[in-house]
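The structure appears below as structure tokens.
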Amino acid sequence: MSDYKKSGYANIFSEIGISDEEALKRVKDSFETMFRGGDEDRIYHDVGADMGYVEDTGNVDARTEGMSYGMMICVQLDEKEIFDRIWKWTMTNMYMTDGYHAGYFAWSCAPDGKKNADGPAPDGEEYFAMALFFASHRWGDGEGIYNYSEWARTILRDCIHRNGDGDKKGPTMWNLDNHLIKFVPGVEFTDPSYHLPHFYELFALWADERDREFWGKAAQASREYLHNACHPQTGLCTDYAEYSGEPVVSVPWNKHGRFDRYYSDSYRTVMNMSLDHEWFGKDAKWQSENAAKLQGFFDRAGDKWDRVPSRDGVFTDEKVMHPTAVIASNAAASLASIAGGADNETTERAKMFLKTFWNTPLRTGKRRYYDNCLYLFAMLMLSGNYKIW
């Protein structure tokens with residue numbers, strides 16, 4: 001089994017003179033604003049005595065993306081009550097017990113709990129499973145839905161076996177031949193930002209014993225895949241991509257959308273690589289180089305940084321929807337780019353992105369949900385507080 005990091009998480013903000021205490025305070029203050037702040041700031045809402053949901057404020061719904069993000073943030077910060085509230089709301093309203101996608105979670109629900117869709121999104125499942133394993137290790141397993149580790153294993157089992165042993169018709173969330181995660185179960189392409197080899201390494205330790213080899217191969221396959229998905233000069237990837245790494249231009253359900261650019265989903269990819277670099281370091285050289293390429297690209301972009309670029313670095317006139325998320329993800333790349341004896345130019349550029357991020361407040365207004373989730377994840381990573389539990 002793989003060794004994994006148990007201590008020594010770095011506060012990269014120390015490179016710009018920010019102490020561990022200052023960095024942790026910023027993390028906790030950001031959490032308080034997002035989860036306990038006023039109506040204009042918060043993204044989390046209590047429901048009744050023992051439930052709650054994370055709202056996508058731009059779309060006025062609850063998504064498995066946000067619910068699983070909320071759980072991961074809570075377990076990292078020892079916020080068990082809110083974790084349990086989110087998990088109960090999720091199981092009550094999003095979990096599907098029958099039909100084509102039984103065993104998965106509906107990716108979107110209205111704030112009143114009514115399902116907006118009966119399809120799942122695999123990034124929610126992988127975050128739910130990882131957050132539940134961490135909760136089990138940090139707080140211990142309880143009864144029923146609070147038997148965290150059993151539910152984590154159940155989710156992973158259904159992702160690749162469909163309710164245990166294929167007794168339901170719905171498709172798997174991973175391609176079982178190439179070990180790559182799908183964008184949604186019914187298609188054969190992927191989303192580079194869904195690839196979380198650092199999670200799969202841990203699934204290979206804690207999932208059902210018969211599936212541990214699969215998850216180990218998935219970690220290796222995703223690392224290799226990202227070499228193809230990221231452009232060799234810019235370090236950028238696209239929202240959706242073929243298994244070859246080539247961009248997916250359009251999808252059957254949205255003929256008018258563009259998914260072949262460095263856009264909202266894409267920002268998470270460099271964050272994921274950087275966290276994998278921190279936790280395992282199995283692809284450290286390439287991850288450091290790719291993070292430095294991406295930071296170099298945005299450094300050269302100057303005041304165009306808030307425009308939407310293509311994967312090969314051609315900017316359009318379209319403004320990005322989530323500018324704070326761009327700033328956060330560019331800074332998160334510093335976790336990898338300045339590691340392993342980076343040259344002075346790379347290090348100074350990484351510090352510049354750290355300073356820009358540190359001086360950036362949480363986003364306000366309608367679109368604050370996605371930006372601020374990436375903001376808090378980046379703060380956790382860079383302060384040394386995004387840990388394996």
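In the structure tokens, each chain is lettered A, B, ... as it comes, each chain's residues begin at 1, and ligands are numbered from 1 in order of appearance.
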
Next item on the list: From region 269-313 of chain A, collect each residue whose DSSP state is alpha helix (DSSP H) and return the set as a VMD selection string.
Entry: chain A and resid 269 to 279 284 to 301

Counting only C-alpha atoms, which residues in region 219-279 of chain A sit no more than 10 Å from region 329-347 of chain A? For each one, give the nearest pair of atoms and the distance in Å, sorted by chain then residue number, as a tab-separated table.
```
residue	atom	partner	partner_atom	distance
A:Ser266	CA	A:Ser329	CA	9.6
A:Tyr267	CA	A:Ser329	CA	5.8
A:Arg268	CA	A:Ser329	CA	6.6
A:Thr269	CA	A:Ser329	CA	8.5
A:Val270	CA	A:Ala333	CA	5.9
A:Met271	CA	A:Ala332	CA	5.6
A:Asn272	CA	A:Ala332	CA	9.0
A:Met273	CA	A:Ala336	CA	7.8
A:Ser274	CA	A:Ala336	CA	5.0
A:Leu275	CA	A:Leu335	CA	7.5
A:Asp276	CA	A:Ala336	CA	9.0
A:His277	CA	A:Ala336	CA	6.2
A:Glu278	CA	A:Leu335	CA	7.2
```

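Between Glu213 (chain A) and the residues A:Phe298, A:Phe353, A:Tyr200, A:Trp389, the shortest atom-to-atom distance, using only C-alpha atoms, involves A:Tyr200.
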
Notebook entry, point to check: Separation of CA of Val60 (chain A) and CA of Thr92 (chain A), in Å?
Noted result: 18.8 Å
